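Enquirer: What follows is input12.pdb; its format and atoms are PDB, C-alpha atoms and all ligand atoms.
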ATOM      1  CA  MET O   1      74.284  78.865 128.033
ATOM      2  CA  LYS O   2      73.337  76.391 130.731
ATOM      3  CA  ILE O   3      74.676  72.901 131.431
ATOM      4  CA  VAL O   4      72.052  70.543 132.827
ATOM      5  CA  LYS O   5      72.341  66.929 133.892
ATOM      6  CA  THR O   6      68.749  65.752 134.251
ATOM      7  CA  LYS O   7      66.008  64.956 131.773
ATOM      8  CA  GLN O   8      63.547  67.048 133.751
ATOM      9  CA  GLU O   9      65.717  70.159 133.453
ATOM     10  CA  VAL O  10      65.922  69.657 129.687
ATOM     11  CA  ARG O  11      62.172  69.157 129.393
ATOM     12  CA  ASP O  12      61.440  72.288 131.446
ATOM     13  CA  ALA O  13      63.881  74.421 129.461
ATOM     14  CA  VAL O  14      62.650  73.145 126.086
ATOM     15  CA  SER O  15      58.957  73.623 127.009
ATOM     16  CA  ALA O  16      59.630  77.233 127.958
ATOM     17  CA  GLN O  17      61.316  77.859 124.585
ATOM     18  CA  ARG O  18      58.634  76.047 122.629
ATOM     19  CA  ALA O  19      55.973  78.133 124.397
ATOM     20  CA  GLU O  20      57.714  81.176 122.901
ATOM     21  CA  GLY O  21      57.344  79.608 119.447
ATOM     22  CA  ARG O  22      61.009  78.730 119.011
ATOM     23  CA  ILE O  23      62.221  75.941 116.679
ATOM     24  CA  ILE O  24      64.327  73.520 118.726
ATOM     25  CA  GLY O  25      67.542  72.026 117.310
ATOM     26  CA  LEU O  26      69.527  69.106 118.756
ATOM     27  CA  VAL O  27      73.100  68.002 118.117
ATOM     28  CA  PRO O  28      73.676  64.631 119.815
ATOM     29  CA  THR O  29      77.363  63.980 120.613
ATOM     30  CA  MET O  30      79.616  61.933 122.845
ATOM     31  CA  GLY O  31      81.733  65.002 123.604
ATOM     32  CA  ALA O  32      85.462  65.605 122.998
ATOM     33  CA  LEU O  33      84.129  68.039 120.446
ATOM     34  CA  HIS O  34      86.202  68.749 117.355
ATOM     35  CA  GLU O  35      85.571  70.917 114.316
ATOM     36  CA  GLY O  36      83.330  68.202 112.819
ATOM     37  CA  HIS O  37      80.937  68.431 115.768
ATOM     38  CA  LEU O  38      81.255  72.202 115.898
ATOM     39  CA  SER O  39      80.229  72.495 112.245
ATOM     40  CA  LEU O  40      77.024  70.648 113.211
ATOM     41  CA  VAL O  41      76.463  73.010 116.135
ATOM     42  CA  ARG O  42      76.944  75.964 113.760
ATOM     43  CA  ALA O  43      74.459  74.433 111.312
ATOM     44  CA  ALA O  44      72.005  73.971 114.179
ATOM     45  CA  VAL O  45      72.446  77.579 115.340
ATOM     46  CA  GLU O  46      71.706  78.709 111.786
ATOM     47  CA  GLY O  47      68.939  76.205 111.168
ATOM     48  CA  SER O  48      66.923  76.500 114.369
ATOM     49  CA  ASP O  49      66.152  79.059 117.079
ATOM     50  CA  TRP O  50      67.282  77.266 120.209
ATOM     51  CA  VAL O  51      70.034  74.658 120.226
ATOM     52  CA  VAL O  52      70.610  71.776 122.624
ATOM     53  CA  VAL O  53      73.911  69.862 122.427
ATOM     54  CA  SER O  54      73.839  66.535 124.228
ATOM     55  CA  ILE O  55      77.111  65.161 125.556
ATOM     56  CA  PHE O  56      76.883  61.580 126.677
ATOM     57  CA  VAL O  57      79.406  58.771 126.213
ATOM     58  CA  ASN O  58      76.784  56.103 125.695
ATOM     59  CA  PRO O  59      77.976  52.822 127.227
ATOM     60  CA  THR O  60      75.451  50.667 125.366
ATOM     61  CA  GLN O  61      77.015  51.340 121.963
ATOM     62  CA  PHE O  62      80.475  50.121 123.010
ATOM     63  CA  GLY O  63      81.264  46.424 122.737
ATOM     64  CA  GLU O  64      83.338  44.380 125.144
ATOM     65  CA  GLY O  65      87.023  45.309 124.886
ATOM     66  CA  GLU O  66      86.257  48.576 123.046
ATOM     67  CA  ASP O  67      87.392  52.016 124.180
ATOM     68  CA  LEU O  68      84.551  53.076 126.529
ATOM     69  CA  ASP O  69      86.903  53.647 129.468
ATOM     70  CA  ARG O  70      89.512  55.622 127.595
ATOM     71  CA  TYR O  71      87.077  57.560 125.366
ATOM     72  CA  PRO O  72      88.143  61.222 125.738
ATOM     73  CA  ARG O  73      86.019  63.392 128.030
ATOM     74  CA  ASP O  74      86.249  67.188 128.424
ATOM     75  CA  LEU O  75      82.911  68.665 129.481
ATOM     76  CA  GLU O  76      84.329  72.073 130.394
ATOM     77  CA  GLY O  77      86.211  72.488 127.122
ATOM     78  CA  ASP O  78      83.227  71.239 125.130
ATOM     79  CA  ALA O  79      80.855  73.631 126.879
ATOM     80  CA  ALA O  80      83.135  76.613 126.175
ATOM     81  CA  LYS O  81      83.229  75.733 122.456
ATOM     82  CA  CYS O  82      79.443  75.358 122.248
ATOM     83  CA  GLU O  83      78.842  78.596 124.083
ATOM     84  CA  GLU O  84      81.128  80.492 121.717
ATOM     85  CA  ILE O  85      79.140  79.236 118.734
ATOM     86  CA  GLY O  86      75.831  80.210 120.311
ATOM     87  CA  ALA O  87      74.325  76.924 121.560
ATOM     88  CA  HIS O  88      71.779  77.437 124.340
ATOM     89  CA  LEU O  89      71.822  74.306 126.464
ATOM     90  CA  ILE O  90      74.186  71.397 127.111
ATOM     91  CA  PHE O  91      72.559  68.193 128.286
ATOM     92  CA  ALA O  92      75.264  66.099 129.969
ATOM     93  CA  PRO O  93      73.574  63.276 131.871
ATOM     94  CA  ASN O  94      75.357  60.403 133.562
ATOM     95  CA  ALA O  95      74.549  56.795 132.734
ATOM     96  CA  SER O  96      72.162  56.313 135.651
ATOM     97  CA  GLU O  97      70.178  59.389 134.634
ATOM     98  CA  MET O  98      69.870  58.020 131.106
ATOM     99  CA  TYR O  99      69.179  54.377 131.870
ATOM    100  CA  ALA O 100      67.034  52.938 134.647
ATOM    101  CA  GLY O 101      68.847  50.018 136.298
ATOM    102  CA  ASP O 102      66.205  47.601 134.975
ATOM    103  CA  ALA O 103      65.814  49.152 131.509
ATOM    104  CA  CYS O 104      64.945  46.383 129.044
ATOM    105  CA  THR O 105      63.834  48.140 125.868
ATOM    106  CA  VAL O 106      66.019  48.246 122.772
ATOM    107  CA  VAL O 107      65.252  50.005 119.498
ATOM    108  CA  ARG O 108      66.625  47.976 116.584
ATOM    109  CA  VAL O 109      66.715  48.897 112.910
ATOM    110  CA  GLU O 110      66.995  45.525 111.216
ATOM    111  CA  GLY O 111      69.034  44.731 108.119
ATOM    112  CA  LEU O 112      70.740  48.098 107.679
ATOM    113  CA  THR O 113      72.572  47.610 110.958
ATOM    114  CA  GLU O 114      73.941  44.156 110.225
ATOM    115  CA  LYS O 115      76.378  45.213 107.521
ATOM    116  CA  LEU O 116      79.464  47.445 107.313
ATOM    117  CA  CYS O 117      80.292  48.658 110.854
ATOM    118  CA  GLY O 118      77.403  46.632 112.269
ATOM    119  CA  ALA O 119      79.057  43.404 111.148
ATOM    120  CA  CYS O 120      82.302  44.336 112.937
ATOM    121  CA  ARG O 121      80.608  45.758 116.048
ATOM    122  CA  PRO O 122      77.655  43.522 116.947
ATOM    123  CA  GLY O 123      75.060  45.388 119.012
ATOM    124  CA  HIS O 124      76.653  48.779 118.344
ATOM    125  CA  PHE O 125      73.761  50.203 116.337
ATOM    126  CA  ASP O 126      71.172  48.926 118.824
ATOM    127  CA  GLY O 127      72.959  51.079 121.389
ATOM    128  CA  VAL O 128      73.007  54.046 119.016
ATOM    129  CA  THR O 129      69.358  53.849 117.931
ATOM    130  CA  THR O 130      68.160  53.288 121.486
ATOM    131  CA  VAL O 131      70.048  56.271 122.892
ATOM    132  CA  VAL O 132      69.197  58.540 119.942
ATOM    133  CA  ASN O 133      65.556  57.567 120.319
ATOM    134  CA  LYS O 134      65.758  58.467 123.996
ATOM    135  CA  LEU O 135      67.505  61.778 123.299
ATOM    136  CA  LEU O 136      64.875  62.669 120.695
ATOM    137  CA  ASN O 137      62.145  61.812 123.209
ATOM    138  CA  ILE O 138      63.770  63.828 125.981
ATOM    139  CA  VAL O 139      64.543  66.949 123.938
ATOM    140  CA  GLN O 140      61.740  66.634 121.352
ATOM    141  CA  PRO O 141      63.624  68.772 118.841
ATOM    142  CA  ASP O 142      62.161  69.891 115.529
ATOM    143  CA  ARG O 143      65.498  69.165 113.832
ATOM    144  CA  ALA O 144      68.556  67.085 114.725
ATOM    145  CA  TRP O 145      71.994  67.080 113.099
ATOM    146  CA  PHE O 146      74.377  64.138 112.572
ATOM    147  CA  GLY O 147      77.726  63.959 110.751
ATOM    148  CA  ARG O 148      78.107  62.159 107.408
ATOM    149  CA  LYS O 149      81.416  60.682 108.508
ATOM    150  CA  ASP O 150      79.290  58.117 110.342
ATOM    151  CA  TYR O 151      77.398  57.516 107.114
ATOM    152  CA  GLN O 152      75.773  54.256 108.163
ATOM    153  CA  GLN O 153      74.664  55.810 111.461
ATOM    154  CA  LEU O 154      72.954  58.642 109.569
ATOM    155  CA  VAL O 155      71.135  56.200 107.246
ATOM    156  CA  VAL O 156      70.065  54.037 110.198
ATOM    157  CA  ILE O 157      68.762  57.018 112.188
ATOM    158  CA  ARG O 158      66.830  58.378 109.198
ATOM    159  CA  ARG O 159      65.235  54.961 108.749
ATOM    160  CA  MET O 160      64.325  54.696 112.434
ATOM    161  CA  VAL O 161      62.717  58.147 112.362
ATOM    162  CA  ARG O 162      60.764  57.311 109.216
ATOM    163  CA  ASP O 163      59.681  53.855 110.376
ATOM    164  CA  LEU O 164      58.578  55.044 113.816
ATOM    165  CA  ASP O 165      56.918  58.264 112.533
ATOM    166  CA  MET O 166      59.054  60.368 114.814
ATOM    167  CA  PRO O 167      58.252  64.077 114.371
ATOM    168  CA  VAL O 168      61.793  65.329 113.753
ATOM    169  CA  GLU O 169      63.771  66.313 110.691
ATOM    170  CA  ILE O 170      67.181  64.608 110.471
ATOM    171  CA  LEU O 171      69.923  66.629 108.807
ATOM    172  CA  GLY O 172      73.400  65.464 107.776
ATOM    173  CA  GLY O 173      76.544  67.593 108.007
ATOM    174  CA  PRO O 174      79.664  67.161 105.854
ATOM    175  CA  THR O 175      82.769  65.332 107.051
ATOM    176  CA  VAL O 176      85.381  67.813 108.249
ATOM    177  CA  ARG O 177      88.999  66.891 107.492
ATOM    178  CA  GLU O 178      92.508  67.802 108.554
ATOM    179  CA  SER O 179      94.558  69.508 105.827
ATOM    180  CA  ASP O 180      96.040  66.108 104.876
ATOM    181  CA  GLY O 181      92.575  64.572 104.423
ATOM    182  CA  LEU O 182      92.203  62.635 107.674
ATOM    183  CA  ALA O 183      88.552  62.787 108.763
ATOM    184  CA  LEU O 184      88.226  64.439 112.168
ATOM    185  CA  SER O 185      87.320  61.990 114.916
ATOM    186  CA  SER O 186      87.583  62.075 118.686
ATOM    187  CA  ARG O 187      89.527  58.814 118.327
ATOM    188  CA  ASN O 188      92.333  60.472 116.312
ATOM    189  CA  GLN O 189      93.808  61.477 119.692
ATOM    190  CA  TYR O 190      94.790  57.837 120.217
ATOM    191  CA  LEU O 191      97.107  57.792 117.176
ATOM    192  CA  GLY O 192     100.859  57.709 117.769
ATOM    193  CA  ASP O 193     103.110  59.882 115.532
ATOM    194  CA  ARG O 194     103.801  57.215 112.924
ATOM    195  CA  GLU O 195     100.161  56.080 112.959
ATOM    196  CA  ARG O 196      99.010  59.671 112.465
ATOM    197  CA  GLU O 197     101.306  59.988 109.436
ATOM    198  CA  VAL O 198      99.800  56.913 107.842
ATOM    199  CA  ALA O 199      96.129  57.555 108.762
ATOM    200  CA  PRO O 200      95.274  59.936 105.843
ATOM    201  CA  LYS O 201      95.973  57.081 103.432
ATOM    202  CA  LEU O 202      92.520  55.739 104.270
ATOM    203  CA  TYR O 203      90.938  58.770 102.601
ATOM    204  CA  GLU O 204      93.496  58.670  99.751
ATOM    205  CA  ALA O 205      92.521  55.074  99.034
ATOM    206  CA  LEU O 206      88.807  55.972  99.075
ATOM    207  CA  LEU O 207      89.446  58.875  96.690
ATOM    208  CA  GLN O 208      91.290  56.538  94.357
ATOM    209  CA  GLY O 209      88.284  54.194  94.436
ATOM    210  CA  ALA O 210      85.930  57.114  93.795
ATOM    211  CA  GLY O 211      88.033  58.173  90.793
ATOM    212  CA  ALA O 212      87.748  54.665  89.347
ATOM    213  CA  ALA O 213      83.979  54.628  90.006
ATOM    214  CA  ARG O 214      83.581  57.900  88.122
ATOM    215  CA  GLU O 215      85.388  56.284  85.179
ATOM    216  CA  GLY O 216      82.916  53.414  85.205
ATOM    217  CA  ALA O 217      84.438  50.823  87.559
ATOM    218  CA  SER O 218      81.902  48.489  89.176
ATOM    219  CA  GLY O 219      81.432  48.203  92.936
ATOM    220  CA  SER O 220      83.655  45.122  93.174
ATOM    221  CA  GLU O 221      86.421  46.755  91.154
ATOM    222  CA  VAL O 222      86.255  49.830  93.357
ATOM    223  CA  GLU O 223      86.478  47.687  96.490
ATOM    224  CA  ARG O 224      89.524  45.863  95.075
ATOM    225  CA  ILE O 225      91.270  49.132  94.222
ATOM    226  CA  VAL O 226      90.729  50.591  97.707
ATOM    227  CA  ALA O 227      91.740  47.370  99.476
ATOM    228  CA  ALA O 228      94.896  47.045  97.327
ATOM    229  CA  LYS O 229      95.933  50.626  98.104
ATOM    230  CA  LEU O 230      95.413  50.093 101.833
ATOM    231  CA  GLY O 231      97.256  46.772 101.610
ATOM    232  CA  GLU O 232     100.394  48.705 100.634
ATOM    233  CA  GLU O 233     100.572  50.108 104.163
ATOM    234  CA  PRO O 234     101.364  47.383 106.713
ATOM    235  CA  LEU O 235     100.099  49.447 109.664
ATOM    236  CA  PHE O 236      96.508  49.214 108.363
ATOM    237  CA  GLU O 237      94.400  46.271 109.370
ATOM    238  CA  LEU O 238      91.412  46.545 107.033
ATOM    239  CA  GLN O 239      88.048  45.602 108.531
ATOM    240  CA  TYR O 240      85.988  46.224 105.426
ATOM    241  CA  VAL O 241      85.745  48.252 102.269
ATOM    242  CA  GLN O 242      82.398  48.212 100.523
ATOM    243  CA  ALA O 243      80.768  50.074  97.667
ATOM    244  CA  VAL O 244      77.090  50.328  98.550
ATOM    245  CA  GLU O 245      73.912  51.983  97.307
ATOM    246  CA  PRO O 246      73.595  55.240  99.301
ATOM    247  CA  ASN O 247      70.125  54.690 100.844
ATOM    248  CA  SER O 248      69.739  50.933 101.199
ATOM    249  CA  LEU O 249      73.460  50.249 101.855
ATOM    250  CA  ARG O 250      73.006  47.292  99.482
ATOM    251  CA  PRO O 251      76.315  46.120  97.928
ATOM    252  CA  LEU O 252      76.689  47.266  94.299
ATOM    253  CA  LYS O 253      79.129  44.533  93.246
ATOM    254  CA  SER O 254      78.777  44.254  89.442
ATOM    255  CA  GLU O 255      76.787  47.463  89.095
ATOM    256  CA  THR O 256      77.870  51.049  88.676
ATOM    257  CA  GLY O 257      75.828  54.134  89.653
ATOM    258  CA  PRO O 258      75.608  56.342  92.722
ATOM    259  CA  MET O 259      77.555  54.736  95.524
ATOM    260  CA  VAL O 260      79.043  55.274  98.926
ATOM    261  CA  ILE O 261      82.472  53.753  99.306
ATOM    262  CA  ALA O 262      82.819  53.057 103.008
ATOM    263  CA  ALA O 263      85.762  51.582 104.863
ATOM    264  CA  ALA O 264      86.908  50.804 108.375
ATOM    265  CA  ALA O 265      90.475  50.003 109.307
ATOM    266  CA  CYS O 266      92.479  49.728 112.489
ATOM    267  CA  ILE O 267      95.867  51.309 112.955
ATOM    268  CA  GLY O 268      97.250  49.800 116.129
ATOM    269  CA  ASP O 269      94.464  50.105 118.709
ATOM    270  CA  THR O 270      92.648  52.873 116.869
ATOM    271  CA  ARG O 271      89.678  52.115 114.649
ATOM    272  CA  LEU O 272      89.140  54.607 111.839
ATOM    273  CA  ILE O 273      86.129  54.873 109.533
ATOM    274  CA  ASP O 274      85.625  57.038 106.483
ATOM    275  CA  ASN O 275      83.568  57.185 103.314
ATOM    276  CA  VAL O 276      83.255  58.945 100.006
ATOM    277  CA  VAL O 277      79.990  59.488  98.151
ATOM    278  CA  VAL O 278      80.084  59.138  94.348
ATOM    279  CA  GLU O 279      76.970  60.774  92.941
ATOM    280  CA  GLU O 280      76.792  59.362  89.405
TER     281      GLU O 280
HETATM  282  O1  LIG O 301      77.884  59.827 116.685
HETATM  283  C1  LIG O 301      77.940  59.818 117.929
HETATM  284  O2  LIG O 301      78.719  60.546 118.556
HETATM  285  C2  LIG O 301      77.036  58.867 118.710
HETATM  286  O3  LIG O 301      76.901  57.650 118.061
HETATM  287  C3  LIG O 301      75.659  59.472 119.032
HETATM  288  C4  LIG O 301      74.846  59.748 117.776
HETATM  289  C5  LIG O 301      75.832  60.768 119.815
HETATM  290  C6  LIG O 301      74.863  58.498 119.907
HETATM  291  O4  LIG O 301      75.525  58.214 121.101
END
Using structure tokens, write down the structure from this file.
Ligand code: PAF

Expert:
Amino acid sequence: MKIVKTKQEVRDAVSAQRAEGRIIGLVPTMGALHEGHLSLVRAAVEGSDWVVVSIFVNPTQFGEGEDLDRYPRDLEGDAAKCEEIGAHLIFAPNASEMYAGDACTVVRVEGLTEKLCGACRPGHFDGVTTVVNKLLNIVQPDRAWFGRKDYQQLVVIRRMVRDLDMPVEILGGPTVRESDGLALSSRNQYLGDREREVAPKLYEALLQGAGAAREGASGSEVERIVAAKLGEEPLFELQYVQAVEPNSLRPLKSETGPMVIAAAACIGDTRLIDNVVVEE
């Protein structure tokens, strides 16, 4: 497995593989790889012939005062994990390789990006869609994998790819959890001991909401149940809990039916997100 830092090296390596008829897979990441990422890399190794993992802490998706500077970075450790799984190439550019100093193009998916996390993190999804668009253009994979923990991100990327007729198949991978239910996230490293103890309650609250939804509770009732459960724990500062239609992310409010119950909450300085999908 090779680690390359420039777009040209990626393009050359991918062209050589494509010339041999290989199906190219991409797993875009910001590094600090945990089992959630690694499950995507495994899926890519199984679901394509030649796998690129990109590792780039994308500055344009972080807002002012967010954790760009302290975001965990471990290129060597990440590369070792990818190699063990059977990935073929790591693309780890720096910011100046990715963005020209006078870059002025932004890819925006309207509507879908203004709700849920987008409402709390203005501009975040513009950063995500722009960099994912660039990564897809650089690597030109046949398939790309994203985690369902970032449910809104997955929906937004699928919509971008459909709307812009991008020739790539987007695949979602399941959320991987600790044994106590906490969704794996590179940001879990920030949690202090007491915060870590409390953090799984986010998923517990979502499960309670999902249980109520399965018994016929409406979107609003589900949201109230989840918010009330989280309200019992003073360390949580709830940003949002919403029951939304899985593809449009439209609020369900008085309706029942398939829904995604998504929530974001801060514990101290750490922002956690999670979601549960209720099929019917
Ligand atoms: O999910 C992430 O880690 C990032 O948002 C992504 C998709 C790699 C874009 O920077």

Enquirer: Can you work out which one of O:Gly47, O:Gly118, O:Gly219, O:Gly127 has the shortest atom-to-atom distance to ligand LIG 301 (chain O), counting only C-alpha atoms and all ligand atoms?

Expert: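 Of the candidates, the smallest distance to ligand LIG 301 (chain O) is held by O:Gly127.
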
Enquirer: Would you kindly translate the PyMOL selection byres (((chain O and resi 244) around 8) and not hetatm) into the concrete residues it picks from this file, as a list of chain:residue names?

Expert: O:Gly219, O:Gln242, O:Ala243, O:Glu245, O:Pro246, O:Ser248, O:Leu249, O:Arg250, O:Pro251, O:Leu252, O:Met259, O:Val260, O:Ile261, O:Ala262

Enquirer: Could you produce a table of the residues of chain O lying within 6 Å of ligand LIG 301 (chain O), with the nearest pair of atoms per residue and their separation in Å rounded to one decimal, using all atoms listed in the file, ordered by chain and increasing residue number, as a tab-separated table?

Expert:
residue	atom	partner	partner_atom	distance
O:Pro28	CA	O:LIG301	C5	4.4
O:Thr29	CA	O:LIG301	C5	3.6
O:Met30	CA	O:LIG301	O2	4.6
O:Asn58	CA	O:LIG301	O4	5.2
O:Val128	CA	O:LIG301	C6	4.9
O:Val132	CA	O:LIG301	C6	5.7

Enquirer: Taking only C-alpha atoms into account, which of O:Ala183, O:Ala263, O:Val107, O:Ala199 comes nearest O:Arg159?

Expert: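 The shortest atom-to-atom distance to O:Arg159 comes from O:Val107.
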
Enquirer: Selected by the PyMOL selection byres (((chain O and resi 181) around 8) and not hetatm) in the shown coordinates: which residues, as a list in words?

Expert: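 That expression, the PyMOL selection byres (((chain O and resi 181) around 8) and not hetatm), corresponds here to Arg177, Glu178, Ser179, Asp180, Leu182, Ala183, Pro200, Tyr203 and Glu204 of chain O.
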
Enquirer: Closest to O:Glu233 among O:Gly86, O:Leu207, O:Pro258, O:Leu202, using all atoms listed in the file?

Expert: O:Leu202

Enquirer: Which residue is closest to O:Glu35? Choose from O:Ala80, O:Val176, O:Ile90, O:Val161 and count only C-alpha atoms.

Expert: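 Checking each candidate against O:Glu35, we get O:Val176 as the closest.
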
Enquirer: Between atom CA of O:Glu84 and atom CA of O:Glu97, what is the spacing in Å?

Expert: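 Separation of atom CA of O:Glu97 and atom CA of O:Glu84: 27.1 Å.
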
Enquirer: What is the distance between atom CA of O:Arg194 and atom CA of O:Ala119, in Å to one decimal?

Expert: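 The value is 28.4 Å.
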
Enquirer: Do you know which residues the PyMOL selection byres (((chain O and resi 187) around 9) and not hetatm) returns on this file, as a list of chain:residue names?

Expert: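 For this structure, the PyMOL selection byres (((chain O and resi 187) around 9) and not hetatm) captures O:Tyr71, O:Pro72, O:Leu184, O:Ser185, O:Ser186, O:Asn188, O:Gln189, O:Tyr190, O:Leu191, O:Thr270, O:Arg271, O:Leu272.
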
Enquirer: Could you tell me how far atom CA of O:Ala92 lies from atom CA of O:Asp12, in Å and to one decimal?

Expert: 15.2 Å

Enquirer: Skip O:Leu235 itself and residues of its chain fewer than 2 positions away, then list as a list in words all residues within 8 Å of it, counting all atoms listed in the file.

Expert: Glu195, Val198, Glu233, Glu237, Ile267 and Gly268 of chain O

Enquirer: Counting only C-alpha atoms, what is within 7 Å of stretch 224-227 of chain O, bar same-chain residues fewer than 4 positions away, as a list of chain:residue names?

Expert: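 The contact residues come out as O:Ala205, O:Leu206, O:Gln208, O:Gly209, O:Ser220, O:Gly231, O:Val241.
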